[in-house]
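Below is the file input.cif, which contains mmCIF, C-alpha atoms.
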```cif
data_query
#
loop_
_atom_site.group_PDB
_atom_site.id
_atom_site.type_symbol
_atom_site.label_atom_id
_atom_site.label_comp_id
_atom_site.auth_asym_id
_atom_site.auth_seq_id
_atom_site.Cartn_x
_atom_site.Cartn_y
_atom_site.Cartn_z
ATOM 1 C CA MET A 738 -12.702 -24.902 -3.229
ATOM 2 C CA PRO A 739 -13.280 -27.670 -0.712
ATOM 3 C CA VAL A 740 -16.361 -27.498 1.492
ATOM 4 C CA PRO A 741 -15.511 -27.920 5.193
ATOM 5 C CA SER A 742 -16.817 -31.208 6.515
ATOM 6 C CA ALA A 743 -18.767 -31.585 9.743
ATOM 7 C CA ASP A 744 -15.735 -33.178 11.430
ATOM 8 C CA PHE A 745 -13.562 -30.256 10.364
ATOM 9 C CA LYS A 746 -16.058 -27.765 11.813
ATOM 10 C CA LYS A 747 -16.172 -29.685 15.098
ATOM 11 C CA ALA A 748 -12.368 -29.712 15.274
ATOM 12 C CA ILE A 749 -12.302 -25.926 14.751
ATOM 13 C CA LYS A 750 -14.837 -25.453 17.579
ATOM 14 C CA ARG A 751 -12.649 -27.517 19.920
ATOM 15 C CA LEU A 752 -9.661 -25.225 19.402
ATOM 16 C CA THR A 753 -8.897 -22.671 22.084
ATOM 17 C CA GLU A 754 -8.875 -18.958 21.270
ATOM 18 C CA PRO A 755 -5.044 -18.704 21.126
ATOM 19 C CA GLU A 756 -4.906 -21.771 18.843
ATOM 20 C CA LYS A 757 -7.551 -20.249 16.527
ATOM 21 C CA GLU A 758 -5.659 -16.966 16.470
ATOM 22 C CA ALA A 759 -2.359 -18.689 15.631
ATOM 23 C CA LEU A 760 -4.024 -20.755 12.901
ATOM 24 C CA LEU A 761 -5.672 -17.675 11.375
ATOM 25 C CA LEU A 762 -2.454 -15.645 11.446
ATOM 26 C CA ARG A 763 -0.552 -18.499 9.813
ATOM 27 C CA ALA A 764 -3.216 -18.751 7.072
ATOM 28 C CA VAL A 765 -3.169 -15.030 6.235
ATOM 29 C CA ARG A 766 0.633 -14.994 6.105
ATOM 30 C CA ARG A 767 0.508 -17.672 3.398
ATOM 31 C CA ASP A 768 -2.281 -16.170 1.277
ATOM 32 C CA ALA A 769 -2.132 -12.486 0.333
ATOM 33 C CA GLU A 770 -5.691 -12.433 -0.995
ATOM 34 C CA LEU A 771 -7.020 -13.957 2.225
ATOM 35 C CA TYR A 772 -5.108 -11.306 4.168
ATOM 36 C CA GLU A 773 -6.621 -8.528 2.027
ATOM 37 C CA THR A 774 -10.117 -10.000 2.464
ATOM 38 C CA PHE A 775 -9.807 -10.177 6.250
ATOM 39 C CA ARG A 776 -8.225 -6.731 6.311
ATOM 40 C CA PHE A 777 -11.214 -5.317 4.415
ATOM 41 C CA GLU A 778 -13.803 -7.147 6.518
ATOM 42 C CA LEU A 779 -12.237 -6.695 9.964
ATOM 43 C CA LEU A 780 -10.587 -3.274 9.961
ATOM 44 C CA ALA A 781 -12.936 -0.303 10.064
ATOM 45 C CA ASP A 782 -10.434 2.095 8.487
ATOM 46 C CA VAL A 783 -10.083 0.003 5.287
ATOM 47 C CA THR A 784 -12.830 1.214 2.966
ATOM 48 C CA LEU A 785 -14.041 0.257 -0.483
ATOM 49 C CA GLY A 786 -12.550 3.467 -1.827
ATOM 50 C CA GLN A 787 -9.172 2.598 -0.344
ATOM 51 C CA ILE A 788 -9.216 -0.869 -1.940
ATOM 52 C CA GLN A 789 -10.181 0.740 -5.265
ATOM 53 C CA GLU A 790 -7.358 3.267 -4.980
ATOM 54 C CA GLU A 791 -4.767 0.608 -4.074
ATOM 55 C CA THR A 792 -5.861 -1.605 -6.968
ATOM 56 C CA ALA A 793 -5.871 1.321 -9.409
ATOM 57 C CA ASP A 794 -2.323 2.138 -8.285
ATOM 58 C CA ARG A 795 -1.246 -1.463 -8.928
ATOM 59 C CA ILE A 796 -2.863 -1.369 -12.386
ATOM 60 C CA HIS A 797 -1.164 1.947 -13.151
ATOM 61 C CA GLU A 798 2.151 0.421 -12.073
ATOM 62 C CA LEU A 799 1.574 -2.558 -14.390
ATOM 63 C CA PHE A 800 1.275 -0.194 -17.336
ATOM 64 C CA ALA A 801 4.248 1.884 -16.201
ATOM 65 C CA VAL A 802 6.402 -1.251 -16.130
ATOM 66 C CA ALA A 803 5.082 -2.294 -19.569
ATOM 67 C CA VAL A 804 6.477 0.862 -21.159
ATOM 68 C CA THR A 805 10.015 -0.148 -20.283
ATOM 69 C CA GLY A 806 9.793 -3.443 -22.155
ATOM 70 C CA ARG A 807 11.679 -4.089 -25.361
ATOM 71 C CA LEU A 808 8.592 -5.562 -27.028
ATOM 72 C CA LEU A 809 6.061 -2.879 -26.122
ATOM 73 C CA ASN A 810 3.010 -4.445 -27.766
ATOM 74 C CA ARG A 811 3.495 -7.778 -25.994
ATOM 75 C CA SER A 812 4.199 -6.036 -22.694
ATOM 76 C CA LEU A 813 1.005 -4.005 -22.993
ATOM 77 C CA VAL A 814 -1.019 -7.175 -23.653
ATOM 78 C CA LYS A 815 0.447 -8.655 -20.472
ATOM 79 C CA ALA A 816 -0.382 -5.458 -18.587
ATOM 80 C CA VAL A 817 -4.008 -5.606 -19.766
ATOM 81 C CA ARG A 818 -4.316 -9.246 -18.694
ATOM 82 C CA ALA A 819 -2.685 -8.605 -15.329
ATOM 83 C CA GLY A 820 -4.904 -5.542 -14.817
ATOM 84 C CA VAL A 821 -8.030 -7.615 -15.469
ATOM 85 C CA GLN A 822 -6.775 -10.124 -12.888
ATOM 86 C CA GLU A 823 -6.214 -7.301 -10.380
ATOM 87 C CA ALA A 824 -9.786 -6.078 -10.950
ATOM 88 C CA ALA A 825 -11.135 -9.595 -10.403
ATOM 89 C CA ARG A 826 -9.024 -9.898 -7.251
ATOM 90 C CA ALA A 827 -10.501 -6.648 -5.912
ATOM 91 C CA ARG A 828 -13.994 -8.008 -6.593
ATOM 92 C CA ARG A 829 -13.213 -11.230 -4.729
ATOM 93 C CA ILE A 830 -11.871 -9.280 -1.767
ATOM 94 C CA THR A 831 -14.769 -6.828 -1.503
ATOM 95 C CA LYS A 832 -17.588 -8.853 -3.110
ATOM 96 C CA ASN A 833 -18.424 -5.669 -5.054
ATOM 97 C CA LYS A 834 -19.057 -6.129 -8.780
ATOM 98 C CA GLN A 835 -19.332 -2.402 -9.438
ATOM 99 C CA LEU A 836 -15.768 -1.988 -8.179
ATOM 100 C CA GLU A 837 -14.581 -4.550 -10.742
ATOM 101 C CA ILE A 838 -16.411 -2.738 -13.547
ATOM 102 C CA ASP A 839 -14.963 0.615 -12.489
ATOM 103 C CA LEU A 840 -11.467 -0.878 -12.503
ATOM 104 C CA LEU A 841 -11.997 -2.473 -15.931
ATOM 105 C CA LEU A 842 -13.066 0.922 -17.265
ATOM 106 C CA TYR A 843 -9.924 2.374 -15.680
ATOM 107 C CA ILE A 844 -7.855 -0.180 -17.620
ATOM 108 C CA LEU A 845 -9.576 0.799 -20.871
ATOM 109 C CA ARG A 846 -8.926 4.476 -20.113
ATOM 110 C CA GLN A 847 -5.238 3.699 -19.471
ATOM 111 C CA CYS A 848 -5.028 1.929 -22.819
ATOM 112 C CA ILE A 849 -6.764 4.649 -24.809
ATOM 113 C CA ASP A 850 -5.380 7.734 -23.073
ATOM 114 C CA ASN A 851 -1.750 6.631 -22.854
ATOM 115 C CA TYR A 852 -1.104 3.926 -25.448
ATOM 116 C CA SER A 853 -3.568 4.440 -28.315
ATOM 117 C CA GLY A 854 -0.617 4.976 -30.648
ATOM 118 C CA GLN A 855 0.123 1.273 -30.300
ATOM 119 C CA PHE A 856 -3.287 0.454 -31.828
ATOM 120 C CA ASP A 857 -1.817 1.323 -35.235
ATOM 121 C CA SER A 858 1.187 -0.948 -34.729
ATOM 122 C CA VAL A 859 1.800 -3.825 -37.115
ATOM 123 C CA TRP A 860 1.109 -6.181 -34.228
ATOM 124 C CA ASP A 861 -2.544 -6.754 -33.352
ATOM 125 C CA GLY A 862 -2.180 -8.116 -29.821
ATOM 126 C CA PHE A 863 -2.675 -4.953 -27.796
ATOM 127 C CA TYR A 864 -5.560 -3.702 -29.931
ATOM 128 C CA ASN A 865 -7.267 -7.108 -29.756
ATOM 129 C CA ALA A 866 -6.833 -7.358 -25.971
ATOM 130 C CA THR A 867 -8.278 -3.878 -25.490
ATOM 131 C CA ALA A 868 -11.152 -4.554 -27.896
ATOM 132 C CA ARG A 869 -11.966 -7.877 -26.181
ATOM 133 C CA LEU A 870 -12.161 -6.135 -22.829
ATOM 134 C CA ALA A 871 -14.364 -3.399 -24.314
ATOM 135 C CA ALA A 872 -16.621 -6.018 -25.942
ATOM 136 C CA ARG A 873 -16.963 -7.954 -22.690
ATOM 137 C CA LEU A 874 -17.750 -4.965 -20.496
ATOM 138 C CA PRO A 875 -21.321 -4.127 -21.695
ATOM 139 C CA ALA A 876 -22.545 -7.657 -20.968
ATOM 140 C CA LEU A 877 -20.846 -7.579 -17.582
ATOM 141 C CA ILE A 878 -22.513 -4.261 -16.737
ATOM 142 C CA LEU A 879 -25.956 -5.508 -17.789
ATOM 143 C CA LYS A 880 -25.543 -8.771 -15.890
ATOM 144 C CA SER A 881 -23.926 -7.509 -12.688
ATOM 145 C CA LEU A 882 -25.345 -4.073 -11.966
ATOM 146 C CA HIS A 883 -28.785 -2.742 -11.202
ATOM 147 C CA GLU A 884 -30.506 -1.175 -14.196
ATOM 148 C CA ASP A 885 -30.427 2.282 -12.578
ATOM 149 C CA LEU A 886 -26.605 2.231 -12.845
ATOM 150 C CA TRP A 887 -26.453 1.279 -16.536
ATOM 151 C CA VAL A 888 -26.882 4.873 -17.733
ATOM 152 C CA GLU A 889 -23.876 6.030 -15.683
ATOM 153 C CA TYR A 890 -21.549 3.873 -17.775
ATOM 154 C CA GLN A 891 -23.120 4.507 -21.170
ATOM 155 C CA SER A 892 -21.278 7.670 -22.236
ATOM 156 C CA GLU A 893 -17.831 6.522 -21.128
ATOM 157 C CA LEU A 894 -18.234 3.105 -22.721
ATOM 158 C CA ASP A 895 -19.564 4.690 -25.921
ATOM 159 C CA ASP A 896 -16.431 6.878 -26.046
ATOM 160 C CA VAL A 897 -14.203 3.822 -25.688
ATOM 161 C CA LEU A 898 -16.091 1.894 -28.371
ATOM 162 C CA ARG A 899 -16.031 4.890 -30.725
ATOM 163 C CA GLU A 900 -12.255 5.211 -30.271
ATOM 164 C CA LEU A 901 -11.732 1.502 -30.982
ATOM 165 C CA HIS A 902 -13.969 1.584 -34.059
ATOM 166 C CA SER A 903 -12.082 4.575 -35.450
ATOM 167 C CA ARG A 904 -9.071 2.315 -36.104
ATOM 168 C CA LYS A 905 -8.617 0.264 -39.272
ATOM 169 C CA LYS A 906 -8.072 -2.885 -37.240
ATOM 170 C CA SER A 907 -11.697 -2.884 -36.082
ATOM 171 C CA HIS A 908 -12.694 -4.440 -39.422
ATOM 172 C CA ASN A 909 -10.361 -7.413 -38.949
ATOM 173 C CA LEU A 910 -11.553 -8.514 -35.504
ATOM 174 C CA LYS A 911 -12.604 -12.140 -35.159
ATOM 175 C CA PHE A 912 -15.347 -11.226 -32.670
ATOM 176 C CA GLU A 913 -18.189 -8.718 -32.576
ATOM 177 C CA LEU A 914 -17.242 -5.340 -31.123
ATOM 178 C CA PRO A 915 -20.408 -3.356 -30.433
ATOM 179 C CA ARG A 916 -20.658 0.132 -31.910
ATOM 180 C CA LYS A 917 -22.225 1.514 -28.725
ATOM 181 C CA PHE A 918 -23.518 0.388 -25.356
ATOM 182 C CA GLU A 919 -27.129 -0.632 -25.975
ATOM 183 C CA ILE A 920 -29.336 -0.406 -22.905
ATOM 184 C CA PRO A 921 -32.374 -2.711 -23.187
ATOM 185 C CA ALA A 922 -35.745 -0.972 -22.959
#
```

Would you give me this structure, written as structure tokens?
Amino acid sequence: MPVPSADFKKAIKRLTEPEKEALLLRAVRRDAELYETFRFELLADVTLGQIQEETADRIHELFAVAVTGRLLNRSLVKAVRAGVQEAARARRITKNKQLEIDLLLYILRQCIDNYSGQFDSVWDGFYNATARLAARLPALILKSLHEDLWVEYQSELDDVLRELHSRKKSHNLKFELPRKFEIPA
């Protein structure tokens, strides 16, 4: 992203209030993420919980649309990828890393609770995408969250990892899938 120059900042200060307002409204009409960010920061009635609920609804809709596809495995892989992007978008809007982790866990729950039958499919794509997300999540939790919060995620993440390791495909992965969420001492 470009860093505003000193001349640019001076030009912004010279603008009148109506010109600034028109410029800001034009910018948020062009960029949905910018609109969501300003909406979260400026409106008192838009809360973190509301952003989480809206994003979870969009993720749920991604998976609901995936079920209608002719190639279910490929559609589910796309839904996982798009869901991860939605979680990252929510983090960028709110600047809250715990929200992103909660949404990523929601994606894993969607995969396991609703589509675990596809793990045994001949095609590996959906299982691999889910396993990659599950393998990435422990490091993200340890890096992004305070150590007091690590324990809150341990049991749910252990359940997800146990479910993924119970499949035959876990032996053929080209990356290391942890057996359980190890919390450093």

TODO: Might you pull out every residue within 10 Å of region 882-895 of chain A, with only C-alpha atoms counted and same-chain residues fewer than 5 positions away left off, and present them as a list in words?
DONE: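 Those residues are Asn833, Lys834, Gln835, Ile838, Asp839, Leu842, Leu845, Arg846, Ala871, Ala872, Leu874, Pro875, Leu877, Glu900, Leu901, Pro915, Arg916, Lys917, Phe918, Glu919, Ile920 and Pro921 of chain A.
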
Open item on the list: Neighbouring residues of Phe800 (chain A) were defined as those with any atom within 9 Å, considering all atoms listed in the file; residues of the same chain fewer than 5 positions away were excluded. Please report them as a list in words.
Closed with: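 Everything that qualifies: Arg795, Ser812, Leu813, Ala816, Val817, Gly820, Gln847 and Cys848 of chain A.
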
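Candidate residues A:Ile844, A:Leu879, A:Ala825, A:Ala759 were compared for distance to Asp794 (chain A), and the nearest is A:Ile844, using only C-alpha atoms.
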
TODO: Apply the PyMOL selection byres ((chain A and resi 809) around 12) to the structure shown and report the selected residues as an NGL selection string.
DONE: :A and (800-808 or 810-816 or 852 or 854-856 or 858-863)

TODO: Could you tell me how far CA of Asn865 (chain A) lies from CA of Ala819 (chain A), in Å and to one decimal?
DONE: 15.2 Å

Task: Pairwise distance for CA of Glu770 (chain A) and CA of Ala827 (chain A), rounded to one decimal in Å - done: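 So the two atoms, CA of Glu770 (chain A) and CA of Ala827 (chain A), lie 9.0 Å apart.
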
- [ ] Could you jot down the CA of Glu913 (chain A) to CA of Ala876 (chain A) separation for me, Å, one decimal place?
- [x]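 Computed distance, CA of Glu913 (chain A) to CA of Ala876 (chain A), equals 12.4 Å.
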
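Between His797 (chain A) and the residues A:Tyr772, A:Phe777, A:Tyr843, A:Phe912, the shortest atom-to-atom distance, using only C-alpha atoms, involves A:Tyr843.
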
Task: Exercise: Arg776 (chain A) partners within 12 Å, all atoms listed in the file, chain neighbours under 5 positions left out, as a ChimeraX atom specification - done: /A:762,765,769-771,781-785,787-788,830-831

Task: Given only C-alpha atoms as the counted atoms, nearest of A:Leu779, A:Val897, A:Ala764, A:Val821 to Ala868 (chain A) - done: A:Val897
